[in-house]
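Note sheet for the following structure.
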Amino acid sequence: MSRIENERVCAKGSGGRAPRALAQYRALLAKDVRQELRTREMLTSMGVYALLVLTIYGAALAQVGDKLQVVSFAGGLLWALVIFTSLLGLNRSFGHETESGCLEGILLAPVDRAVIFLAKATSNLLFLLAVEVVVVPLFFLFFLSGAELAATTPLIAVPLLVGTVGVAGVGTLLSTMTIETRGRDVLLAILFIPVAFPLLYACVSATTCAFLGVEGTMGTFWTSCGVALVYDVVMIAAAWGLYEFVVDA
């Protein structure tokens with residue numbers, strides 16, 4: 001999409017007036033979704049990368065035989081897969097906009113910078129969830145198909161959803177900070193892992209509790225989900241407030 005097209009999208013409204021925040025949000029989100037559906041660049045790269053990680057997992061775990069109880073650390077494996085795949089996608093989320101000058105076009109339009117953040121974070125969230133819908137069943141098929149799963153296993157959807165919201169929000173801010181830097185792939189990972197560590201720790205804890213289903217651990221499950229939810233609220237609010245300074249810089 002060209003810069004002119006971006007300006008037309010963002011300048012939509014009655015009488016040429018700056019559109020309301022909701023109209024701006026919908027226009028920017030629709031632009032990102034149409035762009036991805038046309039190119040499939042982000043979804044394809046994340047999907048292929050996730051399959052490669054699953055292949056590496058399979059090669060590593062095949063060497064330990066049947067004595068290893070994969071369920072006991074499946075939560076960590078699953079979240080490592082989600083995070084590394086998400087980092088690849090977040091690096092690509094601004095790729096086409098910076099390469100074609102579309103981001104400058106959006107910034108020249110009368111658009112609230114916080115709305116740009118919200119639209120980009122939402123599109124990233126949708127793409128990450130779309131990949132997880134495919135990758136998580138494959139993870140179960142490859143590594144947990146023969147395991148005895150607890151009745152609480154479906155509850156892993158809760159930390160996955162809460163964690164992905166936080167990853168999309170924080171990742172959008174950090175990927176914006178690194179889009180013009182040299183070696184942005186490595187720099188994003190260096191910034192993201194320390195900032196998101198509390199979220200990852202809480203989500204891995206909750207996911208592991210759901211996988212194991214041990215009596216007395218559900219309190220830990222809900223506490224960890226609560227910690228992750230609080231992290232999401234605080235960090236996304238901070239990213240919302242800081243985004244204007246980050247994107248203008």
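Chain identifiers are assigned as A, B, and so on, following the order in which chains appear in the structure tokens; residues are numbered from 1 within each chain, and ligands are numbered from 1 in order of appearance.
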Would you tabulate, counting only C-alpha atoms, all residues of range 26-94 of chain A that have an atom at most 12 Å from an atom of range 155-169 of chain A, showing the closest pair of atoms and their distance in Å to one decimal, sorted by chain then ascending number, as JSON lines?
```
{"residue": "A:Ala74", "atom": "CA", "partner": "A:Ile156", "partner_atom": "CA", "distance": 11.0}
{"residue": "A:Gly75", "atom": "CA", "partner": "A:Ile156", "partner_atom": "CA", "distance": 8.8}
{"residue": "A:Leu78", "atom": "CA", "partner": "A:Leu160", "partner_atom": "CA", "distance": 9.6}
{"residue": "A:Trp79", "atom": "CA", "partner": "A:Leu160", "partner_atom": "CA", "distance": 8.5}
{"residue": "A:Leu81", "atom": "CA", "partner": "A:Leu160", "partner_atom": "CA", "distance": 11.8}
{"residue": "A:Val82", "atom": "CA", "partner": "A:Thr164", "partner_atom": "CA", "distance": 8.5}
{"residue": "A:Ile83", "atom": "CA", "partner": "A:Val167", "partner_atom": "CA", "distance": 8.0}
{"residue": "A:Phe84", "atom": "CA", "partner": "A:Val167", "partner_atom": "CA", "distance": 11.0}
{"residue": "A:Thr85", "atom": "CA", "partner": "A:Val167", "partner_atom": "CA", "distance": 11.1}
{"residue": "A:Ser86", "atom": "CA", "partner": "A:Val167", "partner_atom": "CA", "distance": 7.7}
{"residue": "A:Leu87", "atom": "CA", "partner": "A:Val167", "partner_atom": "CA", "distance": 9.0}
{"residue": "A:Gly89", "atom": "CA", "partner": "A:Ala168", "partner_atom": "CA", "distance": 10.0}
{"residue": "A:Leu90", "atom": "CA", "partner": "A:Ala168", "partner_atom": "CA", "distance": 8.0}
{"residue": "A:Asn91", "atom": "CA", "partner": "A:Ala168", "partner_atom": "CA", "distance": 11.6}
{"residue": "A:Ser93", "atom": "CA", "partner": "A:Ala168", "partner_atom": "CA", "distance": 10.6}
```
Q: Any chance you could list, as a PyMOL selection string, the residues in range 59-233 of chain A that come up helix (DSSP H, G or I) when DSSP is run on the backbone?
A: chain A and resi 59-64+70-93+95-100+102-108+113-143+153-178+184-212+218-233
I need the chosen residues saved as a CSV table (one decimal), in the first residue's frame, with C-alpha atoms.
```csv
chain,number,residue,atom,x,y,z
A,59,ALA,CA,14.7,-34.2,17.1
A,60,ALA,CA,15.8,-33.3,20.6
A,61,LEU,CA,13.2,-35.3,22.5
A,62,ALA,CA,13.6,-38.3,20.3
A,63,GLN,CA,17.0,-38.9,21.9
A,64,VAL,CA,15.7,-39.4,25.4
A,70,VAL,CA,6.9,-34.4,28.4
A,71,VAL,CA,3.8,-33.2,30.2
A,72,SER,CA,5.8,-32.0,33.2
A,73,PHE,CA,7.6,-29.4,31.1
A,74,ALA,CA,5.2,-29.0,28.2
A,75,GLY,CA,4.2,-25.6,29.4
A,76,GLY,CA,7.7,-24.3,29.0
A,77,LEU,CA,8.1,-25.8,25.6
A,78,LEU,CA,4.8,-24.4,24.4
A,79,TRP,CA,5.6,-20.9,25.6
A,80,ALA,CA,9.1,-21.0,24.1
A,81,LEU,CA,7.5,-21.8,20.8
A,82,VAL,CA,4.9,-19.0,21.1
A,83,ILE,CA,7.5,-16.4,22.1
A,84,PHE,CA,10.1,-17.1,19.4
A,85,THR,CA,7.4,-17.3,16.8
A,86,SER,CA,5.8,-14.0,18.0
A,87,LEU,CA,9.2,-12.2,17.9
A,88,LEU,CA,9.5,-13.1,14.3
A,89,GLY,CA,6.1,-11.9,13.5
A,90,LEU,CA,6.5,-8.7,15.4
A,91,ASN,CA,9.7,-7.9,13.5
A,92,ARG,CA,7.7,-8.2,10.3
A,93,SER,CA,4.7,-6.2,11.4
A,95,GLY,CA,8.4,-4.3,7.6
A,96,HIS,CA,6.2,-3.4,4.6
A,97,GLU,CA,5.3,0.0,6.1
A,98,THR,CA,8.9,1.2,6.6
A,99,GLU,CA,10.1,-0.3,3.3
A,100,SER,CA,7.5,1.6,1.2
A,102,CYS,CA,3.7,4.0,4.5
A,103,LEU,CA,4.5,4.8,8.1
A,104,GLU,CA,5.5,8.3,7.2
A,105,GLY,CA,2.2,8.7,5.3
A,106,ILE,CA,0.2,7.6,8.4
A,107,LEU,CA,2.1,10.0,10.6
A,108,LEU,CA,1.4,12.9,8.2
A,113,ARG,CA,-0.8,8.3,17.8
A,114,ALA,CA,-2.5,6.2,20.6
A,115,VAL,CA,-5.0,5.0,18.0
A,116,ILE,CA,-2.1,3.8,15.7
A,117,PHE,CA,-0.8,1.8,18.6
A,118,LEU,CA,-4.1,0.3,19.4
A,119,ALA,CA,-4.8,-0.7,15.8
A,120,LYS,CA,-1.3,-2.2,15.3
A,121,ALA,CA,-1.5,-4.1,18.6
A,122,THR,CA,-4.9,-5.5,17.7
A,123,SER,CA,-3.7,-6.6,14.2
A,124,ASN,CA,-0.6,-8.2,15.8
A,125,LEU,CA,-2.9,-9.9,18.3
A,126,LEU,CA,-5.2,-11.3,15.6
A,127,PHE,CA,-2.2,-12.7,13.6
A,128,LEU,CA,-0.6,-14.2,16.7
A,129,LEU,CA,-3.8,-15.9,17.7
A,130,ALA,CA,-4.3,-17.2,14.1
A,131,VAL,CA,-0.9,-18.9,14.2
A,132,GLU,CA,-1.5,-20.3,17.7
A,133,VAL,CA,-4.8,-21.9,16.5
A,134,VAL,CA,-2.7,-23.9,14.1
A,135,VAL,CA,0.5,-24.4,16.1
A,136,VAL,CA,-1.0,-25.5,19.5
A,137,PRO,CA,-2.9,-28.5,18.1
A,138,LEU,CA,0.2,-29.5,16.2
A,139,PHE,CA,2.2,-29.3,19.5
A,140,PHE,CA,-0.4,-31.7,21.1
A,141,LEU,CA,-0.3,-34.0,18.1
A,142,PHE,CA,3.5,-34.3,18.0
A,143,PHE,CA,4.3,-34.5,21.7
A,153,THR,CA,-5.7,-29.2,30.2
A,154,PRO,CA,-8.3,-27.1,28.2
A,155,LEU,CA,-7.7,-24.3,30.7
A,156,ILE,CA,-4.4,-23.6,29.0
A,157,ALA,CA,-6.5,-21.4,26.7
A,158,VAL,CA,-6.7,-18.8,29.5
A,159,PRO,CA,-3.0,-18.1,30.0
A,160,LEU,CA,-2.5,-18.4,26.2
A,161,LEU,CA,-5.0,-15.7,25.6
A,162,VAL,CA,-3.9,-13.4,28.4
A,163,GLY,CA,-0.2,-13.9,27.6
A,164,THR,CA,-0.7,-13.3,23.8
A,165,VAL,CA,-2.5,-10.0,24.6
A,166,GLY,CA,0.5,-8.9,26.6
A,167,VAL,CA,3.0,-10.1,24.0
A,168,ALA,CA,1.1,-8.1,21.3
A,169,GLY,CA,0.9,-4.9,23.3
A,170,VAL,CA,4.4,-4.8,24.6
A,171,GLY,CA,5.8,-6.2,21.4
A,172,THR,CA,4.1,-3.5,19.3
A,173,LEU,CA,5.8,-0.8,21.4
A,174,LEU,CA,9.2,-2.4,21.3
A,175,SER,CA,9.1,-3.2,17.6
A,176,THR,CA,8.2,0.4,16.9
A,177,MET,CA,11.3,1.5,18.8
A,178,THR,CA,13.6,-0.9,16.8
A,184,ARG,CA,16.5,-4.9,14.7
A,185,ASP,CA,15.8,-8.6,14.9
A,186,VAL,CA,18.3,-9.2,17.7
A,187,LEU,CA,17.6,-5.9,19.4
A,188,LEU,CA,13.9,-6.6,19.7
A,189,ALA,CA,14.6,-9.9,21.4
A,190,ILE,CA,17.1,-8.3,23.7
A,191,LEU,CA,14.6,-5.7,24.8
A,192,PHE,CA,11.5,-7.9,24.8
A,193,ILE,CA,12.7,-10.9,26.9
A,194,PRO,CA,13.6,-8.8,30.1
A,195,VAL,CA,10.6,-6.6,29.8
A,196,ALA,CA,8.1,-9.5,29.3
A,197,PHE,CA,9.8,-11.9,31.8
A,198,PRO,CA,7.2,-11.4,34.5
A,199,LEU,CA,4.4,-12.2,32.0
A,200,LEU,CA,6.2,-15.2,30.6
A,201,TYR,CA,6.9,-16.6,34.1
A,202,ALA,CA,3.3,-16.3,35.1
A,203,CYS,CA,2.0,-17.8,31.9
A,204,VAL,CA,4.4,-20.7,32.0
A,205,SER,CA,3.4,-21.4,35.6
A,206,ALA,CA,-0.3,-21.3,34.8
A,207,THR,CA,0.1,-23.4,31.7
A,208,THR,CA,2.1,-26.0,33.6
A,209,CYS,CA,-0.5,-26.2,36.4
A,210,ALA,CA,-3.3,-26.8,33.8
A,211,PHE,CA,-1.2,-29.5,32.1
A,212,LEU,CA,-0.5,-31.4,35.3
A,218,MET,CA,-5.5,-24.6,40.8
A,219,GLY,CA,-5.0,-21.8,43.2
A,220,THR,CA,-1.6,-21.2,41.7
A,221,PHE,CA,-3.1,-21.4,38.2
A,222,TRP,CA,-5.6,-18.6,38.9
A,223,THR,CA,-3.0,-16.5,40.8
A,224,SER,CA,-0.6,-16.7,37.9
A,225,CYS,CA,-3.4,-15.8,35.5
A,226,GLY,CA,-4.2,-12.8,37.7
A,227,VAL,CA,-0.5,-11.7,37.7
A,228,ALA,CA,-0.4,-11.9,33.9
A,229,LEU,CA,-3.7,-10.0,33.6
A,230,VAL,CA,-2.4,-7.2,35.9
A,231,TYR,CA,0.8,-7.1,33.8
A,232,ASP,CA,-1.2,-6.7,30.7
A,233,VAL,CA,-3.2,-3.8,32.1
```
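Computed from the coordinates, the CA of Arg182 in chain A to CA of Met46 in chain A distance equals 21.6 Å.
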Q. What is the CA of Gln69 in chain A to CA of Ala147 in chain A distance in Å?
A.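 Between CA of Gln69 in chain A and CA of Ala147 in chain A the gap works out to 8.3 Å.
Separating CA of Ala151 in chain A from CA of Glu215 in chain A is a distance of 11.3 Å.
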